[in-house]
There are 4 protein chains.
Amino acid sequence: MAESERGILLISCIDRPGIIARVAGQLFHLGCNIITSDQHTDDADGHFFWRIDFESRQLSLSEVAHNLTGNLPSLLTWEQLRWHLYDSSKQDRMVIMVSRLAHCMMDLLSRHRFGELEAEVVGVISNHPDLEPLARPFGVPFDVIPVTKDKKPQAEARLLERLTELNADTVVLARYMQVLSGDFLKKWRKPIVNIHHAFLPAFAGASPYRQAHDRGVKLIGATAHYVTEELDAGPIIAQATTPITHRDTIADLTRKGKDLEVIALAQAVRAHLHKQVLIHHNRTIVFE
Amino acid sequence: MAESERGILLISCIDRPGIIARVAGQLFHLGCNIITSDQHTDDADGHFFWRIDFESRQLSLSEVAHNLTGNLPSLLTWEQLRWHLYDSSKQDRMVIMVSRLAHCMMDLLSRHRFGELEAEVVGVISNHPDLEPLARPFGVPFDVIPVTKDKKPQAEARLLERLTELNADTVVLARYMQVLSGDFLKKWRKPIVNIHHAFLPAFAGASPYRQAHDRGVKLIGATAHYVTEELDAGPIIAQATTPITHRDTIADLTRKGKDLEVIALAQAVRAHLHKQVLIHHNRTIVFE
Amino acid sequence: MAESERGILLISCIDRPGIIARVAGQLFHLGCNIITSDQHTDDADGHFFWRIDFESRQLSLSEVAHNLTGNLPSLLTWEQLRWHLYDSSKQDRMVIMVSRLAHCMMDLLSRHRFGELEAEVVGVISNHPDLEPLARPFGVPFDVIPVTKDKKPQAEARLLERLTELNADTVVLARYMQVLSGDFLKKWRKPIVNIHHAFLPAFAGASPYRQAHDRGVKLIGATAHYVTEELDAGPIIAQATTPITHRDTIADLTRKGKDLEVIALAQAVRAHLHKQVLIHHNRTIVFE
Amino acid sequence: MAESERGILLISCIDRPGIIARVAGQLFHLGCNIITSDQHTDDADGHFFWRIDFESRQLSLSEVAHNLTGNLPSLLTWEQLRWHLYDSSKQDRMVIMVSRLAHCMMDLLSRHRFGELEAEVVGVISNHPDLEPLARPFGVPFDVIPVTKDKKPQAEARLLERLTELNADTVVLARYMQVLSGDFLKKWRKPIVNIHHAFLPAFAGASPYRQAHDRGVKLIGATAHYVTEELDAGPIIAQATTPITHRDTIADLTRKGKDLEVIALAQAVRAHLHKQVLIHHNRTIVFE
């Protein structure tokens, strides 16, 4: 092997003494050098989570994986170990979905262009054609899949087909204003990150800025989360808030909230792409 | 009159052209100088709110009030004007209510001692005797009114009696963990400020830090609001949030949240005492 | 006059009793209705500042201005009054200057496209051609004026000429990495807003993120300010900060700082364009 | 050994492959279970830092230390390893120093009383007697050591003597307004945490709120740092900022800043007491 390879190893198991010593020992034995290591133990059920960013200097990553497969199962029997090894040189294939508001899409495309996101953006899909001109200079295919009440199943079938064609790993709903059905989610089992324009669990559902204005809150928020079948109830990855006053109209909240949406979504997408996010009991562990 | 007097005039009315010119003209005519002036017009119903901090150089405040009474009614007929004149030299009589957690009480008593709150703290009332030693050095009477499920009406009657004896203007619930009944609120019609240890409307009711932990939010909050009959649903005066991570246990949230509670409550109490808070449709206008 | 006109009146003077009554009375007399009014009195020197957003229902704005010219001079003699009346229907002609980093330019062009900035963006000027493809879809002329050490005076002469051709009212330095000379500033006397990538006055000058990293601060910041002859020392309009940790490399600070730069600059530019910013003793009053 | 013991192991060394595997293996071999583990590698010089919070189930902590002493030196020869083992059951002896402003002292004493600080507060020392009544109810000795220009060396000698008598481990300057001389610092070599009422490095030295007001910043800050000979230039542990406006007078900044001082100092003191802070090149690593 001419050069070293870089990998990320995610591990979760029931915590028991020796897990760190064993895995670190095994990696050392295989000629791997740990660059960063983050761990967390759930205080309620004692579940243990570990993210290891490492460099393999003697073996290829597939050889490392093969070797771990041969050695870690002995742990597996008494530790309920689950692990996954990611090749850092392979980027996720990401699809951005959007409706008529451009700010989150523009921000993600810009960050991608600036080299901030470890992903290949393979497509933008919208239920409206409006934003195509803004996406075009970024050189990403822009597909329009209209959604009507009557023909939602057909639209979702087309969406599933298109995501499959694009071989997408990660889908980001960047102010995509259609609810994805449980049926769709059962078929498309890969991660979907959504931005909701409120500080969840407050103001779930439609028109959150109007809800926030009517309740008279003094801060507004945005929440990036994984999509699950229950609307706006999936594991939260990132949240942001900003102060508002009685002077702010719903239009002001909408404008100020855009900055929060952009920041929370970008932070969540980046963490997701870097394999920094693990899910446990509908909550996330974010190793930043 | 030997010296000038300082007053705060709060005005609300249906907005119509000329209101500023008329009232400012009237005050100028009476020899009053406007120090600060804050106004707000509700964008939904056009209601107009005005807070004027002024100095009267020729007339006493009661003469100013008398004069306004004589002159503003002509406005009243066509403007639905309501107004109130406060004497800045008279401080509210404030009662702090608390249960077993000291941080908000300690903070308010300290700020009062440091001269930050324009109030006379006339008493602390608790349903437990625990915090008396911490309150004692501040030289404020500490009353214990125990509350049991069976004898809540009696306890509330005693509370009402004590607040009346103390001639309280403002009551602050500084982590007082009993719900005041609708019956009590109907009898005690003066403002009550409460601190709720969550970012309302999320996590109303009991154990908000546990709720926040279970939902897996990435920010926690605190909300200071006026008490109304509906629990945790009164007009919000101030809110604060702080980031948390997956590492934070419920105990950590409880500890970190204390700082938010202290800050949001102090900000709300200060604004209330300075007559900076007006209420409109269950929302507050806070002139800071 | 068929329709009402909307204007903004900025006033500053030595504070004296009656100023509000007189000006409000005058506007009322002219058939103008005050929509929002913000005032401030400097606590050190007693200077008074007033921003009035109003609607004129009977007279055109030029008639209002003419009338004020006729009536306010009597105040002028004893109050040192200065005032300016802006027509809200006339937008500033704004030029964005940029070097190689796109984020601030992209953000301003996007916000302009989304209708958030009350300006006509009449040009982008850069000392490098790199960002032209990103600016192009926004339909704004992109000029390249290279700057070399030897020929800086010639470059600034060309810049002055181009800004004059474009009839620019406001120039925004959106990460333009050349220092504008005192000579240039003396010739171009209109407002220039700059974004500095640090929490001024800390880390003025070059490489602020490196400076911040070396000092080991736990927060980084960004500062939007008016450009004056002294580098990074002009009146501050907006600032933002975000927490960092020991884990953040200079590259991380640079990336995280971009979000702050974008937000502080957009906030400052928006306030400037809305005539919400007044300058007094190298400090700003920002009526938001 | 009847019960398990809890310890914190801090390690720093030149990073080389295998360090994690070796130390984790050694701890496992000794019957220790790692509870939390945090590591950091300096991106400039490759120095490695590790904090291990562990439980020893078979050996006492002194046996663990003895064993590590016997085994880690072999690493030491080629890794430049330095390590320290803390017994989590032993609390630091902490002395609070204060002048005339009570807020930071009150906050630390309150947090200590609430069980938030892992320390024994063994004394308060002030150069003024003013705050003694506020400290008294917390049951901590309050010493007054006046400092005059003429007799500063004598005062510092007395201070040194008193800190030695109290056997202090950690000194916290909670708005102690005297500068400790280089001579004193050379003699008292244990950690001193100070709160500076500004966002360092901006506004070092005297009257930072006045400096901030005069510069016209839009955010104020507070900085908790270790004291070194160069004034306000020691390693920063925690910082906080809050927005301000043109309306805020120096008195307002002073009041608003108090909340920042309290929060930044408490956060820093807590991290310090939990052995979460390591110093490298005048910068801190804070494992939170």
# chains A, B, ... in the order shown; residues from 1 in each chain; ligands from 1

call {"tool": "closest_atom_pairs", "arguments": {"of": "chain C", "to": "chain D", "cutoff": "7 Å", "atoms": "only C-alpha atoms", "output": "CSV"}}
result
residue,atom,partner,partner_atom,distance
C:Asp43,CA,D:Thr249,CA,6.9
C:Pro201,CA,D:Ala202,CA,5.8
C:Ala202,CA,D:Ala202,CA,4.7
C:Arg215,CA,D:Arg283,CA,6.9
C:Gly216,CA,D:Arg283,CA,4.9
C:Val217,CA,D:Ile236,CA,6.2
C:Lys218,CA,D:Gln239,CA,5.8
C:Leu219,CA,D:Gln239,CA,6.6
C:Ile236,CA,D:Val217,CA,6.2
C:Ala238,CA,D:Lys218,CA,6.1
C:Gln239,CA,D:Lys218,CA,5.8
C:His246,CA,D:Ile285,CA,5.3
C:Thr249,CA,D:Asp43,CA,6.9
C:Arg283,CA,D:Gly216,CA,4.9
C:Thr284,CA,D:His246,CA,6.9
C:Ile285,CA,D:His246,CA,5.3
C:Val286,CA,D:His246,CA,6.9

call {"tool": "residues_around", "arguments": {"residues": "Ser99 (chain B)", "least_positions_apart": "2", "cutoff": "7 Å", "atoms": "only C-alpha atoms", "output": "PyMOL selection string"}}
result
chain B and resi 101+126-128+175-177

call {"tool": "select_by_dssp", "arguments": {"residues": "region 84-187 of chain B", "states": "strand (DSSP E)", "output": "list of chain:residue names"}}
result
B:His84, B:Leu85, B:Tyr86, B:Asp87, B:Asp92, B:Arg93, B:Met94, B:Val95, B:Ile96, B:Met97, B:Val98, B:Ala119, B:Glu120, B:Val121, B:Val122, B:Gly123, B:Val124, B:Ile125, B:Ser126, B:Phe142, B:Asp143, B:Val144, B:Thr170, B:Val171, B:Val172, B:Leu173

call {"tool": "residues_around", "arguments": {"residues": "Leu59 (chain A)", "least_positions_apart": "6", "cutoff": "12 Å", "atoms": "only C-alpha atoms", "output": "number ranges by chain"}}
result
A: 1-7, 27-33, 65-68

call {"tool": "write_last_selection", "arguments": {"atoms": "N, CA, C and O atoms", "output": "CSV table (one decimal), in the first residue's frame"}}
result
chain,number,residue,atom,x,y,z
A,1,MET,N,0.8,-1.2,0.0
A,1,MET,CA,0.0,0.0,0.0
A,1,MET,C,0.9,1.2,0.0
A,1,MET,O,1.7,1.4,0.9
A,2,ALA,N,0.6,2.1,-1.0
A,2,ALA,CA,1.5,3.3,-1.2
A,2,ALA,C,1.3,4.3,-0.1
A,2,ALA,O,2.2,4.8,0.5
A,3,GLU,N,0.0,4.6,0.2
A,3,GLU,CA,-0.3,5.7,1.1
A,3,GLU,C,-1.2,5.2,2.2
A,3,GLU,O,-1.9,4.2,2.1
A,4,SER,N,-1.3,6.0,3.2
A,4,SER,CA,-2.2,5.7,4.3
A,4,SER,C,-3.6,6.0,3.9
A,4,SER,O,-3.8,6.8,3.0
A,5,GLU,N,-4.6,5.3,4.5
A,5,GLU,CA,-6.0,5.6,4.3
A,5,GLU,C,-6.6,6.1,5.5
A,5,GLU,O,-6.2,5.7,6.6
A,6,ARG,N,-7.7,6.8,5.4
A,6,ARG,CA,-8.3,7.5,6.5
A,6,ARG,C,-9.7,6.9,6.7
A,6,ARG,O,-10.5,6.8,5.7
A,7,GLY,N,-10.1,6.5,7.9
A,7,GLY,CA,-11.4,5.9,8.1
A,7,GLY,C,-12.1,6.4,9.3
A,7,GLY,O,-11.5,7.0,10.2
A,27,LEU,N,-6.9,-1.9,17.0
A,27,LEU,CA,-6.5,-0.9,15.9
A,27,LEU,C,-5.0,-0.7,15.9
A,27,LEU,O,-4.4,-0.6,14.8
A,28,PHE,N,-4.4,-0.6,17.1
A,28,PHE,CA,-2.9,-0.4,17.2
A,28,PHE,C,-2.2,-1.6,16.5
A,28,PHE,O,-1.3,-1.4,15.8
A,29,HIS,N,-2.7,-2.8,16.9
A,29,HIS,CA,-2.2,-4.0,16.4
A,29,HIS,C,-2.2,-4.0,14.8
A,29,HIS,O,-1.3,-4.6,14.2
A,30,LEU,N,-3.3,-3.4,14.3
A,30,LEU,CA,-3.4,-3.4,12.8
A,30,LEU,C,-2.7,-2.2,12.2
A,30,LEU,O,-2.8,-2.0,11.0
A,31,GLY,N,-1.9,-1.5,13.0
A,31,GLY,CA,-1.1,-0.4,12.4
A,31,GLY,C,-2.0,0.9,12.2
A,31,GLY,O,-1.6,1.7,11.3
A,32,CYS,N,-3.1,1.0,12.9
A,32,CYS,CA,-3.9,2.2,12.7
A,32,CYS,C,-3.6,3.2,13.8
A,32,CYS,O,-3.4,2.8,15.0
A,33,ASN,N,-3.6,4.5,13.4
A,33,ASN,CA,-3.4,5.6,14.4
A,33,ASN,C,-4.6,6.4,14.6
A,33,ASN,O,-5.2,6.9,13.7
A,65,ALA,N,-11.3,-3.6,7.9
A,65,ALA,CA,-12.7,-4.0,8.2
A,65,ALA,C,-12.8,-5.5,8.3
A,65,ALA,O,-13.4,-6.1,9.2
A,66,HIS,N,-12.1,-6.2,7.3
A,66,HIS,CA,-12.1,-7.7,7.3
A,66,HIS,C,-11.5,-8.2,8.6
A,66,HIS,O,-12.0,-9.1,9.3
A,67,ASN,N,-10.4,-7.6,9.1
A,67,ASN,CA,-9.8,-8.0,10.3
A,67,ASN,C,-10.7,-7.8,11.5
A,67,ASN,O,-10.7,-8.6,12.4
A,68,LEU,N,-11.3,-6.6,11.5
A,68,LEU,CA,-12.2,-6.3,12.7
A,68,LEU,C,-13.4,-7.3,12.6
A,68,LEU,O,-13.8,-7.8,13.7

call {"tool": "residues_around", "arguments": {"residues": "Glu229 (chain A)", "least_positions_apart": "2", "cutoff": "9 Å", "atoms": "only C-alpha atoms", "output": "PyMOL selection string"}}
result
chain A and resi 180-183+185-186+227+231-234

call {"tool": "closest_residue", "arguments": {"among": "C:Glu55, C:Asp107, C:Asp15, C:Asp130", "to": "Tyr86 (chain C)", "atoms": "only C-alpha atoms"}}
result
C:Glu55

call {"tool": "residues_around", "arguments": {"residues": "Arg136 (chain C)", "least_positions_apart": "6", "cutoff": "10 Å", "atoms": "only C-alpha atoms", "output": "PyMOL selection string"}}
result
(chain A and resi 137) or (chain C and resi 124+142)

call {"tool": "select_by_dssp", "arguments": {"residues": "region 6-189 of chain B", "states": "alpha helix (DSSP H)", "output": "MDAnalysis selection string"}}
result
chainID B and resid 19:29 61:71 73:79 103:113 132:135 152:165 182:187

call {"tool": "write_last_selection", "arguments": {"atoms": "C-alpha atoms", "output": "compact mmCIF listing (two decimals), in the first residue's frame"}}
result
# COMPACT_ATOMS: atom_id res chain seq x y z
CA ILE B 19 -51.91 61.69 18.75
CA ILE B 20 -48.18 62.35 19.20
CA ALA B 21 -48.48 66.03 18.33
CA ARG B 22 -51.40 66.52 20.74
CA VAL B 23 -49.99 64.72 23.77
CA ALA B 24 -46.45 66.07 23.28
CA GLY B 25 -47.92 69.53 22.81
CA GLN B 26 -49.97 69.18 25.97
CA LEU B 27 -46.96 68.05 28.00
CA PHE B 28 -44.84 70.89 26.63
CA HIS B 29 -47.60 73.33 27.48
CA LEU B 61 -47.18 65.18 39.04
CA SER B 62 -50.64 65.28 40.56
CA GLU B 63 -51.19 68.67 38.94
CA VAL B 64 -50.00 67.20 35.64
CA ALA B 65 -52.39 64.28 36.07
CA HIS B 66 -55.24 66.61 36.97
CA ASN B 67 -54.52 68.71 33.92
CA LEU B 68 -54.34 65.70 31.62
CA THR B 69 -57.65 64.47 33.05
CA GLY B 70 -59.15 67.80 32.09
CA ASN B 71 -57.73 67.82 28.58
CA PRO B 73 -60.98 63.28 27.62
CA SER B 74 -61.68 65.27 24.50
CA LEU B 75 -59.33 62.85 22.80
CA LEU B 76 -60.94 59.98 24.65
CA THR B 77 -64.28 60.37 22.93
CA TRP B 78 -62.84 59.69 19.49
CA GLU B 79 -59.62 57.83 20.25
CA HIS B 103 -31.20 30.68 43.07
CA CYS B 104 -33.92 33.04 41.82
CA MET B 105 -34.69 34.38 45.29
CA MET B 106 -31.00 34.94 46.03
CA ASP B 107 -30.52 36.68 42.73
CA LEU B 108 -33.47 39.03 43.19
CA LEU B 109 -32.50 39.86 46.77
CA SER B 110 -28.90 40.48 45.66
CA ARG B 111 -29.92 42.69 42.75
CA HIS B 112 -32.20 44.60 45.06
CA ARG B 113 -29.33 45.06 47.49
CA GLU B 132 -35.16 31.35 55.58
CA PRO B 133 -31.48 31.37 56.62
CA LEU B 134 -30.40 32.53 53.16
CA ALA B 135 -33.00 35.30 53.05
CA LYS B 152 -54.94 24.42 49.59
CA PRO B 153 -57.95 26.79 49.83
CA GLN B 154 -56.99 27.65 53.41
CA ALA B 155 -53.38 28.21 52.38
CA GLU B 156 -54.42 30.48 49.55
CA ALA B 157 -56.71 32.42 51.88
CA ARG B 158 -53.76 32.92 54.21
CA LEU B 159 -51.59 33.97 51.27
CA LEU B 160 -54.16 36.50 50.11
CA GLU B 161 -54.38 37.87 53.63
CA ARG B 162 -50.59 38.16 53.92
CA LEU B 163 -50.17 39.86 50.54
CA THR B 164 -52.87 42.30 51.53
CA GLU B 165 -51.19 43.01 54.87
CA GLY B 182 -58.12 30.53 39.38
CA ASP B 183 -60.07 31.40 42.48
CA PHE B 184 -57.00 33.01 44.06
CA LEU B 185 -56.15 34.89 40.86
CA LYS B 186 -59.69 36.27 40.64
CA LYS B 187 -59.29 37.71 44.12

call {"tool": "residues_around", "arguments": {"residues": "Cys13 (chain D)", "least_positions_apart": "4", "cutoff": "6 Å", "atoms": "only C-alpha atoms", "output": "ChimeraX atom specification"}}
result
/D:47-48,79-81

call {"tool": "write_last_selection", "arguments": {"atoms": "N, CA, C and O atoms", "output": "mmCIF file, in the first residue's frame"}}
result
data_model
loop_
_atom_site.group_PDB
_atom_site.id
_atom_site.type_symbol
_atom_site.label_atom_id
_atom_site.label_comp_id
_atom_site.auth_asym_id
_atom_site.auth_seq_id
_atom_site.Cartn_x
_atom_site.Cartn_y
_atom_site.Cartn_z
ATOM 1 N N HIS D 47 1.066 18.031 19.895
ATOM 2 C CA HIS D 47 1.027 17.605 21.285
ATOM 3 C C HIS D 47 -0.331 16.979 21.595
ATOM 4 O O HIS D 47 -1.361 17.442 21.119
ATOM 5 N N PHE D 48 -0.284 15.943 22.433
ATOM 6 C CA PHE D 48 -1.488 15.155 22.713
ATOM 7 C C PHE D 48 -1.904 15.338 24.171
ATOM 8 O O PHE D 48 -1.045 15.332 25.070
ATOM 9 N N GLU D 79 8.225 9.117 24.653
ATOM 10 C CA GLU D 79 7.011 9.879 24.371
ATOM 11 C C GLU D 79 6.942 11.224 25.102
ATOM 12 O O GLU D 79 6.026 11.982 24.882
ATOM 13 N N GLN D 80 7.919 11.461 25.985
ATOM 14 C CA GLN D 80 7.857 12.679 26.805
ATOM 15 C C GLN D 80 6.533 12.800 27.546
ATOM 16 O O GLN D 80 5.925 13.871 27.598
ATOM 17 N N LEU D 81 6.110 11.705 28.086
ATOM 18 C CA LEU D 81 4.828 11.645 28.773
ATOM 19 C C LEU D 81 4.882 12.392 30.111
ATOM 20 O O LEU D 81 5.823 12.255 30.886
#

call {"tool": "residues_around", "arguments": {"residues": "Ile195 (chain D)", "least_positions_apart": "2", "cutoff": "8 Å", "atoms": "only C-alpha atoms", "output": "list in words"}}
result
Leu173, Ala174, Arg175, Val193, His197, Ala222, Thr223, Ala224, His225, Glu261, Ala264 and Leu265 of chain D
